[in-house]
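J.: One file is attached below, run16.cif, containing mmCIF, C-alpha atoms and all ligand atoms.
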```cif
data_entry
loop_
_atom_site.label_atom_id
_atom_site.label_comp_id
_atom_site.auth_asym_id
_atom_site.auth_seq_id
_atom_site.Cartn_x
_atom_site.Cartn_y
_atom_site.Cartn_z
CA MET J 21 -8.92 -6.66 -17.56
CA LEU J 22 -10.98 -7.41 -14.47
CA LEU J 23 -10.67 -3.88 -13.11
CA GLU J 24 -9.74 -0.87 -15.20
CA ILE J 25 -9.22 2.57 -13.66
CA ARG J 26 -8.28 5.62 -15.69
CA ASN J 27 -7.83 9.19 -14.52
CA LEU J 28 -9.68 8.59 -11.29
CA SER J 29 -9.90 11.58 -8.97
CA VAL J 30 -11.47 11.98 -5.54
CA TRP J 31 -12.13 15.23 -3.71
CA TYR J 32 -12.89 15.64 -0.03
CA GLY J 33 -14.47 19.07 -0.13
CA LYS J 34 -11.76 21.27 -1.59
CA ALA J 35 -8.97 18.78 -0.95
CA LEU J 36 -7.85 16.53 -3.81
CA ALA J 37 -7.15 13.09 -2.30
CA LEU J 38 -6.65 11.13 -5.54
CA GLU J 39 -5.47 12.76 -8.73
CA ASP J 40 -5.70 11.10 -12.14
CA VAL J 41 -4.96 7.63 -10.87
CA SER J 42 -4.77 4.91 -13.54
CA LEU J 43 -4.45 1.27 -12.62
CA SER J 44 -5.58 -2.13 -13.82
CA ILE J 45 -5.94 -5.63 -12.42
CA GLY J 46 -6.23 -8.80 -14.47
CA ALA J 47 -8.36 -11.78 -13.43
CA GLY J 48 -6.67 -13.63 -10.59
CA GLU J 49 -3.86 -11.09 -10.29
CA PHE J 50 -2.39 -9.92 -6.97
CA VAL J 51 -1.67 -6.19 -7.00
CA ALA J 52 -0.40 -4.11 -4.08
CA VAL J 53 -0.81 -0.38 -3.48
CA LEU J 54 2.09 0.95 -1.43
CA GLY J 55 2.47 4.40 0.06
CA PRO J 56 2.84 6.34 3.29
CA ASN J 57 0.13 7.57 5.68
CA GLY J 58 -2.33 9.85 3.95
CA ALA J 59 -1.21 8.89 0.42
CA GLY J 60 -4.75 7.96 -0.60
CA LYS J 61 -4.64 4.15 -0.41
CA SER J 62 -7.89 3.77 1.54
CA THR J 63 -9.53 6.44 -0.61
CA LEU J 64 -8.68 4.40 -3.71
CA LEU J 65 -10.23 1.22 -2.29
CA LYS J 66 -13.31 3.16 -1.16
CA ALA J 67 -13.70 4.65 -4.62
CA ILE J 68 -13.60 1.14 -6.14
CA SER J 69 -16.25 -0.18 -3.75
CA ARG J 70 -18.26 3.02 -4.33
CA MET J 71 -18.17 4.11 -0.70
CA GLN J 72 -16.55 7.29 -1.93
CA PRO J 73 -17.69 9.18 -5.05
CA SER J 74 -15.05 9.68 -7.72
CA SER J 75 -14.65 11.03 -11.23
CA GLY J 76 -12.97 9.18 -14.06
CA VAL J 77 -13.18 5.70 -15.55
CA LEU J 78 -13.95 2.88 -13.13
CA GLU J 79 -14.79 -0.35 -14.93
CA PHE J 80 -15.27 -3.87 -13.64
CA ARG J 81 -15.53 -6.68 -16.19
CA GLY J 82 -15.93 -4.07 -18.90
CA ALA J 83 -18.89 -2.27 -17.31
CA SER J 84 -18.76 1.04 -15.49
CA LEU J 85 -19.14 1.01 -11.72
CA GLN J 86 -19.80 4.76 -11.67
CA GLY J 87 -23.46 5.00 -10.74
CA VAL J 88 -23.55 1.58 -9.07
CA PRO J 89 -24.56 2.13 -5.43
CA ALA J 90 -22.17 0.86 -2.74
CA HIS J 91 -24.60 -1.81 -1.52
CA ALA J 92 -24.75 -3.35 -5.01
CA VAL J 93 -20.98 -3.67 -5.47
CA VAL J 94 -20.72 -6.94 -3.51
CA GLY J 95 -23.27 -8.52 -5.84
CA GLN J 96 -20.98 -7.61 -8.75
CA GLY J 97 -18.12 -9.59 -7.24
CA ILE J 98 -16.09 -7.00 -5.32
CA CYS J 99 -15.66 -7.42 -1.56
CA HIS J 100 -13.91 -4.82 0.58
CA CYS J 101 -12.10 -5.72 3.78
CA PRO J 102 -11.84 -2.19 5.22
CA GLU J 103 -9.20 -0.41 7.26
CA GLY J 104 -9.80 -1.00 10.96
CA ARG J 105 -11.78 -4.18 10.20
CA ARG J 106 -15.25 -2.81 11.06
CA LEU J 107 -16.50 -6.00 12.72
CA PHE J 108 -19.41 -6.38 15.14
CA PRO J 109 -17.51 -7.02 18.39
CA GLU J 110 -20.56 -8.19 20.35
CA LEU J 111 -21.46 -10.85 17.76
CA THR J 112 -19.83 -14.26 17.45
CA VAL J 113 -17.14 -15.17 14.94
CA LEU J 114 -19.67 -17.26 13.01
CA LYS J 115 -22.27 -14.45 12.89
CA ASN J 116 -19.65 -11.96 11.69
CA LEU J 117 -18.53 -14.37 8.96
CA MET J 118 -22.10 -15.06 7.84
CA LEU J 119 -22.78 -11.33 7.51
CA GLY J 120 -20.43 -11.42 4.52
CA ALA J 121 -22.81 -13.84 2.78
CA TYR J 122 -25.99 -11.84 3.44
CA LEU J 123 -26.80 -11.41 -0.25
CA ARG J 124 -26.49 -15.07 -1.06
CA ARG J 125 -29.26 -17.66 -1.28
CA ASP J 126 -27.09 -20.67 -2.21
CA ALA J 127 -26.94 -22.27 1.28
CA ALA J 128 -24.89 -25.33 0.26
CA VAL J 129 -22.23 -23.20 -1.42
CA VAL J 130 -22.21 -20.79 1.52
CA ALA J 131 -21.48 -23.77 3.80
CA ALA J 132 -18.64 -24.82 1.51
CA ASP J 133 -17.23 -21.27 1.59
CA LEU J 134 -17.40 -21.25 5.37
CA ASP J 135 -15.35 -24.45 5.34
CA ARG J 136 -12.88 -22.74 3.01
CA VAL J 137 -12.50 -19.83 5.46
CA TYR J 138 -11.98 -22.32 8.30
CA GLY J 139 -9.40 -24.08 6.14
CA LEU J 140 -7.49 -20.82 5.69
CA PHE J 141 -7.82 -19.82 9.34
CA PRO J 142 -8.34 -22.96 11.49
CA ILE J 143 -8.41 -20.90 14.70
CA LEU J 144 -11.71 -19.36 13.54
CA LYS J 145 -13.42 -22.75 13.51
CA GLU J 146 -12.30 -23.30 17.09
CA ARG J 147 -13.54 -19.84 18.06
CA ALA J 148 -16.76 -19.87 16.00
CA PRO J 149 -19.10 -19.35 19.02
CA GLN J 150 -16.86 -16.75 20.70
CA VAL J 151 -17.73 -13.05 20.52
CA VAL J 152 -15.34 -11.22 18.23
CA GLY J 153 -14.51 -8.45 20.74
CA THR J 154 -12.60 -11.01 22.84
CA LEU J 155 -10.29 -12.13 20.00
CA SER J 156 -6.75 -10.84 19.47
CA GLY J 157 -6.15 -8.19 16.82
CA GLY J 158 -4.68 -10.75 14.43
CA GLN J 159 -7.61 -13.12 14.90
CA GLN J 160 -10.03 -10.24 14.30
CA GLN J 161 -8.22 -9.48 11.05
CA MET J 162 -8.74 -13.12 10.05
CA VAL J 163 -12.48 -12.70 10.71
CA ALA J 164 -12.53 -9.53 8.60
CA ILE J 165 -10.81 -11.26 5.67
CA GLY J 166 -13.02 -14.32 6.11
CA ARG J 167 -16.15 -12.17 6.10
CA ALA J 168 -15.08 -10.54 2.83
CA LEU J 169 -14.46 -14.01 1.32
CA MET J 170 -17.98 -15.09 2.26
CA GLY J 171 -19.22 -12.66 -0.39
CA LYS J 172 -17.46 -14.88 -2.97
CA PRO J 173 -15.49 -12.06 -4.58
CA ALA J 174 -13.78 -12.13 -7.97
CA LEU J 175 -11.85 -9.14 -6.62
CA LEU J 176 -10.92 -8.82 -2.95
CA LEU J 177 -9.92 -5.37 -1.67
CA LEU J 178 -7.72 -5.55 1.44
CA ASP J 179 -6.88 -2.39 3.37
CA GLU J 180 -3.68 -2.80 5.40
CA PRO J 181 -4.39 -6.33 6.62
CA SER J 182 -1.20 -6.50 8.69
CA VAL J 183 -1.39 -3.22 10.59
CA GLY J 184 -0.91 -3.56 14.35
CA ILE J 185 -0.57 -7.32 14.26
CA ALA J 186 2.10 -9.47 15.92
CA HIS J 187 4.79 -10.75 13.56
CA ARG J 188 3.84 -14.44 13.72
CA LEU J 189 0.16 -13.81 12.92
CA LYS J 190 1.18 -11.35 10.22
CA ILE J 191 3.10 -14.08 8.40
CA GLU J 192 0.14 -16.41 8.77
CA ILE J 193 -2.23 -13.78 7.37
CA PHE J 194 -0.03 -12.91 4.36
CA ASP J 195 0.35 -16.63 3.67
CA ALA J 196 -3.43 -17.08 3.73
CA ILE J 197 -3.88 -14.09 1.39
CA LYS J 198 -1.47 -15.68 -1.08
CA ARG J 199 -3.50 -18.89 -0.93
CA ILE J 200 -6.69 -16.92 -1.58
CA GLN J 201 -5.11 -15.62 -4.78
CA LYS J 202 -3.93 -19.09 -5.79
CA SER J 203 -7.50 -20.31 -5.55
CA GLY J 204 -8.42 -17.78 -8.27
CA THR J 205 -9.43 -14.55 -6.51
CA ALA J 206 -7.83 -11.31 -7.71
CA ILE J 207 -6.49 -9.12 -4.90
CA LEU J 208 -5.87 -5.42 -4.52
CA MET J 209 -4.07 -4.86 -1.23
CA ALA J 210 -3.17 -1.50 0.30
CA GLU J 211 -0.14 -2.00 2.50
CA GLN J 212 2.49 0.13 4.21
CA ASP J 213 4.80 -2.82 4.79
CA ALA J 214 6.37 -2.70 1.34
CA GLN J 215 8.76 -5.54 1.99
CA SER J 216 6.03 -8.03 2.89
CA ALA J 217 3.75 -6.78 0.13
CA LEU J 218 6.39 -7.11 -2.61
CA ARG J 219 7.13 -10.61 -1.43
CA ILE J 220 3.61 -11.85 -2.20
CA ALA J 221 2.14 -9.48 -4.83
CA ASP J 222 2.66 -9.88 -8.59
CA ARG J 223 2.79 -6.13 -9.21
CA ALA J 224 2.53 -2.93 -7.24
CA TYR J 225 1.69 0.74 -7.59
CA VAL J 226 3.22 3.37 -5.34
CA LEU J 227 0.82 6.10 -4.31
CA GLU J 228 2.26 9.38 -3.02
CA HIS J 229 0.16 12.47 -2.33
CA GLY J 230 -2.75 11.01 -4.26
CA ARG J 231 -0.77 10.24 -7.41
CA ILE J 232 0.81 7.05 -8.75
CA GLY J 233 4.55 7.67 -8.55
CA ARG J 234 5.90 4.34 -9.67
CA GLU J 235 4.54 1.02 -10.82
CA GLY J 236 5.97 -2.30 -11.88
CA THR J 237 6.35 -5.95 -11.05
CA SER J 238 7.31 -6.73 -7.50
CA ALA J 239 10.77 -7.73 -8.74
CA GLU J 240 11.22 -4.43 -10.60
CA LEU J 241 10.14 -2.31 -7.64
CA GLY J 242 12.22 -4.37 -5.24
CA ALA J 243 15.27 -3.50 -7.34
CA ASP J 244 14.38 0.20 -7.79
CA ASP J 245 16.79 2.48 -5.92
CA TYR J 246 14.14 5.01 -4.94
CA ILE J 247 11.80 2.29 -3.64
CA ARG J 248 14.64 0.63 -1.78
CA GLN J 249 15.59 3.85 -0.04
CA ALA J 250 12.10 5.24 0.64
CA TYR J 251 10.17 2.04 1.36
CA LEU J 252 12.52 -0.84 2.03
CA GLY J 253 14.92 0.89 4.37
CA VAL J 254 17.95 0.05 2.23
CA ALA J 255 20.59 2.78 2.13
N1 LIG V 1 -13.55 11.50 4.98
C1 LIG V 1 -12.54 12.33 4.73
N2 LIG V 1 -12.71 13.68 4.75
C2 LIG V 1 -11.70 14.54 4.48
N3 LIG V 1 -10.45 14.14 4.19
C3 LIG V 1 -10.20 12.82 4.17
C4 LIG V 1 -11.23 11.86 4.45
N4 LIG V 1 -10.69 10.63 4.35
C5 LIG V 1 -9.38 10.81 4.03
N5 LIG V 1 -9.10 12.12 3.93
C6 LIG V 1 -7.78 12.72 3.56
O1 LIG V 1 -7.43 12.20 2.29
C7 LIG V 1 -6.04 11.87 2.24
C8 LIG V 1 -5.88 10.39 1.89
O2 LIG V 1 -6.36 9.62 2.98
P1 LIG V 1 -6.41 8.02 2.96
O3 LIG V 1 -7.11 7.58 4.17
O4 LIG V 1 -6.92 7.56 1.66
O5 LIG V 1 -4.84 7.68 3.05
P2 LIG V 1 -4.11 6.27 3.30
O6 LIG V 1 -3.07 6.15 2.25
O7 LIG V 1 -5.12 5.19 3.39
O8 LIG V 1 -3.39 6.50 4.70
P3 LIG V 1 -3.13 5.46 5.91
O9 LIG V 1 -1.94 4.65 5.53
O10 LIG V 1 -2.84 6.34 7.07
O11 LIG V 1 -4.36 4.63 6.10
C9 LIG V 1 -5.48 12.26 3.59
O12 LIG V 1 -4.93 13.55 3.46
C10 LIG V 1 -6.68 12.26 4.49
O13 LIG V 1 -6.50 13.16 5.56
MG MG V 2 -5.65 3.91 4.85
#
```
Just give me the structure as structure tokens.
T.:
Amino acid sequence: MLLEIRNLSVWYGKALALEDVSLSIGAGEFVAVLGPNGAGKSTLLKAISRMQPSSGVLEFRGASLQGVPAHAVVGQGICHCPEGRRLFPELTVLKNLMLGAYLRRDAAVVAADLDRVYGLFPILKERAPQVVGTLSGGQQQMVAIGRALMGKPALLLLDEPSVGIAHRLKIEIFDAIKRIQKSGTAILMAEQDAQSALRIADRAYVLEHGRIGREGTSAELGADDYIRQAYLGVA
């Protein structure tokens, strides 16, 4: 397994936000985490990238991440595209993208990765010198995903990449995410839009009140009566 999580718990003060969560991701796999507002999706991704302390087993490529500081996680091959994008609006598209490669010294490969990001999102090449604050929400999301890719992740964590984005751009973004997986990058994507997520992910976990309620392949969950009623709007 690329990522192995067992009995992971996270407390915010006296509030338990994740309780005994177990989950795994194989190399190159695309896994979605579904669940309503406040379920703990972002908390789970933050625990993996060590932005949030947790208890339990958290292993990447067979070695524990517990004790690895957040700033060292990128160097291990995990890049986090956070909720709300967290870009630098006053910097250009190019500068924001290059910030994702700040740890890297391999200039030629960085240039090739920049070309790969431009291949996924051609509009970003056009807008390279433009300051990010003037882009649309969907374009900013493309920058955020592109920046995470510039860290050359083996595992890409995506936190609600489609939230607040117009339908057409949303389709384009999900399509690009699928292509990222096909090029060999494993993906863990938190997403409230269960229908879109199950269309592109291999498997999914459903998080409710900090616990994994259901899990299965996208086909299994798409056929599950409870999932259909609670998440897919099918009566
Ligand atoms: N920094 C924090 N301090 C205290 N409580 C927090 C903090 N961050 C999150 N929480 C609480 O932990 C729970 C899980 O929050 P989290 O952000 O992980 O949910 P989520 O599934 O990502 O929701 P959303 O879909 O709205 O983004 C919520 O009850 C939230 O209020
Ligand atoms: Mg969230």
J.: Mind checking which residues fall within 12 Å of segment 138-143 of chain J, counting only C-alpha atoms, ignoring those fewer than 2 positions away in the same chain, and posting them as number ranges by chain?
T.: J: 113-114, 117, 131-136, 145-150, 155-156, 158-167, 169-170, 189, 192-201, 203
J.: So that I can see what lies close to Ala83 of chain J, please list as a PyMOL selection string the residues with an atom at most 12 Å from it, counting only C-alpha atoms and leaving out residues fewer than 6 positions away in the same chain.
T.: chain J and resi 21-25+77+96
J.: Can you tell me, as AutoDock Vina command-line options, the centre and edge lengths (Å, one decimal) of the axis-aligned box enclosing all of ligand LIG 1 (chain V)'s listed atoms after padding each side by 5 Å?
T.:
```
--center_x -7.7 --center_y 9.6 --center_z 4.4 --size_x 21.6 --size_y 19.9 --size_z 15.4
```
J.: Rounded to one decimal in Å, what is the spacing between atom N4 of ligand LIG 1 (chain V) and atom CA of Ala186 of chain J?
T.: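 Computing it gives 26.5 Å between the two atoms.
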J.: Residues up to 12 Å from ligand MG 2 (chain V), counting only C-alpha atoms and all ligand atoms: could you list those as a VMD selection string?
T.: chain J and resid 37 53 to 66 101 to 105 178 to 183 209 to 212 227 230
J.: Can you tell me which residues surround segment 236-253 of chain J at a distance of at most 12 Å, considering only C-alpha atoms, apart from same-chain residues fewer than 2 positions away, and format the answer as a PDB file with C-alpha atoms, keeping the file's coordinate frame?
T.:
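And here's result.pdb as it stands now:
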```
ATOM      1  CA  LEU J  43      -4.450   1.270 -12.620  1.00  0.00           C
ATOM      2  CA  SER J  44      -5.580  -2.130 -13.820  1.00  0.00           C
ATOM      3  CA  GLU J  49      -3.860 -11.090 -10.290  1.00  0.00           C
ATOM      4  CA  PHE J  50      -2.390  -9.920  -6.970  1.00  0.00           C
ATOM      5  CA  VAL J  51      -1.670  -6.190  -7.000  1.00  0.00           C
ATOM      6  CA  ALA J  52      -0.400  -4.110  -4.080  1.00  0.00           C
ATOM      7  CA  VAL J  53      -0.810  -0.380  -3.480  1.00  0.00           C
ATOM      8  CA  LEU J  54       2.090   0.950  -1.430  1.00  0.00           C
ATOM      9  CA  GLY J  55       2.470   4.400   0.060  1.00  0.00           C
ATOM     10  CA  PRO J  56       2.840   6.340   3.290  1.00  0.00           C
ATOM     11  CA  GLU J 211      -0.140  -2.000   2.500  1.00  0.00           C
ATOM     12  CA  GLN J 212       2.490   0.130   4.210  1.00  0.00           C
ATOM     13  CA  ASP J 213       4.800  -2.820   4.790  1.00  0.00           C
ATOM     14  CA  ALA J 214       6.370  -2.700   1.340  1.00  0.00           C
ATOM     15  CA  GLN J 215       8.760  -5.540   1.990  1.00  0.00           C
ATOM     16  CA  SER J 216       6.030  -8.030   2.890  1.00  0.00           C
ATOM     17  CA  ALA J 217       3.750  -6.780   0.130  1.00  0.00           C
ATOM     18  CA  LEU J 218       6.390  -7.110  -2.610  1.00  0.00           C
ATOM     19  CA  ARG J 219       7.130 -10.610  -1.430  1.00  0.00           C
ATOM     20  CA  ILE J 220       3.610 -11.850  -2.200  1.00  0.00           C
ATOM     21  CA  ALA J 221       2.140  -9.480  -4.830  1.00  0.00           C
ATOM     22  CA  ASP J 222       2.660  -9.880  -8.590  1.00  0.00           C
ATOM     23  CA  ARG J 223       2.790  -6.130  -9.210  1.00  0.00           C
ATOM     24  CA  ALA J 224       2.530  -2.930  -7.240  1.00  0.00           C
ATOM     25  CA  TYR J 225       1.690   0.740  -7.590  1.00  0.00           C
ATOM     26  CA  VAL J 226       3.220   3.370  -5.340  1.00  0.00           C
ATOM     27  CA  LEU J 227       0.820   6.100  -4.310  1.00  0.00           C
ATOM     28  CA  GLU J 228       2.260   9.380  -3.020  1.00  0.00           C
ATOM     29  CA  ILE J 232       0.810   7.050  -8.750  1.00  0.00           C
ATOM     30  CA  GLY J 233       4.550   7.670  -8.550  1.00  0.00           C
ATOM     31  CA  ARG J 234       5.900   4.340  -9.670  1.00  0.00           C
ATOM     32  CA  ALA J 255      20.590   2.780   2.130  1.00  0.00           C
TER      33      ALA J 255
END
```
J.: Neighbouring residues of Gly95 of chain J were defined as those with any atom within 12 Å, considering all atoms listed in the file; residues of the same chain fewer than 4 positions away were excluded. Please report them as a PDB file with C-alpha atoms, in the frame of the given file.
T.:
```pdb
ATOM      1  CA  SER J  69     -16.250  -0.180  -3.750  1.00  0.00           C
ATOM      2  CA  LEU J  85     -19.140   1.010 -11.720  1.00  0.00           C
ATOM      3  CA  VAL J  88     -23.550   1.580  -9.070  1.00  0.00           C
ATOM      4  CA  PRO J  89     -24.560   2.130  -5.430  1.00  0.00           C
ATOM      5  CA  ALA J  90     -22.170   0.860  -2.740  1.00  0.00           C
ATOM      6  CA  HIS J  91     -24.600  -1.810  -1.520  1.00  0.00           C
ATOM      7  CA  CYS J  99     -15.660  -7.420  -1.560  1.00  0.00           C
ATOM      8  CA  HIS J 100     -13.910  -4.820   0.580  1.00  0.00           C
ATOM      9  CA  GLY J 120     -20.430 -11.420   4.520  1.00  0.00           C
ATOM     10  CA  ALA J 121     -22.810 -13.840   2.780  1.00  0.00           C
ATOM     11  CA  TYR J 122     -25.990 -11.840   3.440  1.00  0.00           C
ATOM     12  CA  LEU J 123     -26.800 -11.410  -0.250  1.00  0.00           C
ATOM     13  CA  ARG J 124     -26.490 -15.070  -1.060  1.00  0.00           C
ATOM     14  CA  ARG J 125     -29.260 -17.660  -1.280  1.00  0.00           C
ATOM     15  CA  MET J 170     -17.980 -15.090   2.260  1.00  0.00           C
ATOM     16  CA  GLY J 171     -19.220 -12.660  -0.390  1.00  0.00           C
ATOM     17  CA  LYS J 172     -17.460 -14.880  -2.970  1.00  0.00           C
ATOM     18  CA  PRO J 173     -15.490 -12.060  -4.580  1.00  0.00           C
ATOM     19  CA  ALA J 174     -13.780 -12.130  -7.970  1.00  0.00           C
ATOM     20  CA  LEU J 175     -11.850  -9.140  -6.620  1.00  0.00           C
TER      21      LEU J 175
END
```
J.: Expressed in Å to a single decimal, how great is the separation between atom N2 of ligand LIG 1 (chain V) and atom CA of Tyr32 of chain J?
T.: 5.2 Å
J.: So which one's closest to ligand LIG 1 (chain V), J:Val130, J:Asn27, J:His229, J:Glu235? Using all atoms listed in the file, please.
T.: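 Among J:Val130, J:Asn27, J:His229, J:Glu235, it is J:His229 that comes nearest to ligand LIG 1 (chain V).
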J.: One decimal, Å: what's the distance from atom CA of Ile191 of chain J over to atom CA of Gly157 of chain J, could you say?
T.: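 One can read the atom CA of Ile191 of chain J to atom CA of Gly157 of chain J distance as 13.8 Å.
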J.: Which one of J:Arg26, J:Arg81, J:His187, J:Lys34 sits closest to ligand LIG 1 (chain V) if you count all atoms listed in the file?
T.: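 Of J:Arg26, J:Arg81, J:His187, J:Lys34, the one nearest ligand LIG 1 (chain V), counting all atoms listed in the file, is J:Lys34.
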J.: Ranking J:Thr205, J:Ser75, J:Ile68, J:Gly87 by minimum distance to Glu39 of chain J and counting only C-alpha atoms, which one comes first?
T.: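 Ranked by minimum distance to Glu39 of chain J, first place goes to J:Ser75.
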J.: Using all atoms listed in the file, which residue out of J:Gly46, J:Arg231, J:Leu119, J:Val254 lies closest to ligand LIG 1 (chain V)?
T.: J:Arg231
J.: What's the 9 Å shell around Ser74 of chain J, counting all atoms listed in the file, without same-chain residues fewer than 6 positions away, as a VMD selection string?
T.: chain J and resid 28 to 31 38 67 to 68 86
J.: For each of J:Met71, J:Leu111, J:Ala168, J:Ala47, take the minimum atom-to-atom distance to ligand LIG 1 (chain V), counting all atoms listed in the file, then give the residue where this is smallest.
T.: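 Ranking J:Met71, J:Leu111, J:Ala168, J:Ala47 by distance to ligand LIG 1 (chain V), first place goes to J:Met71.
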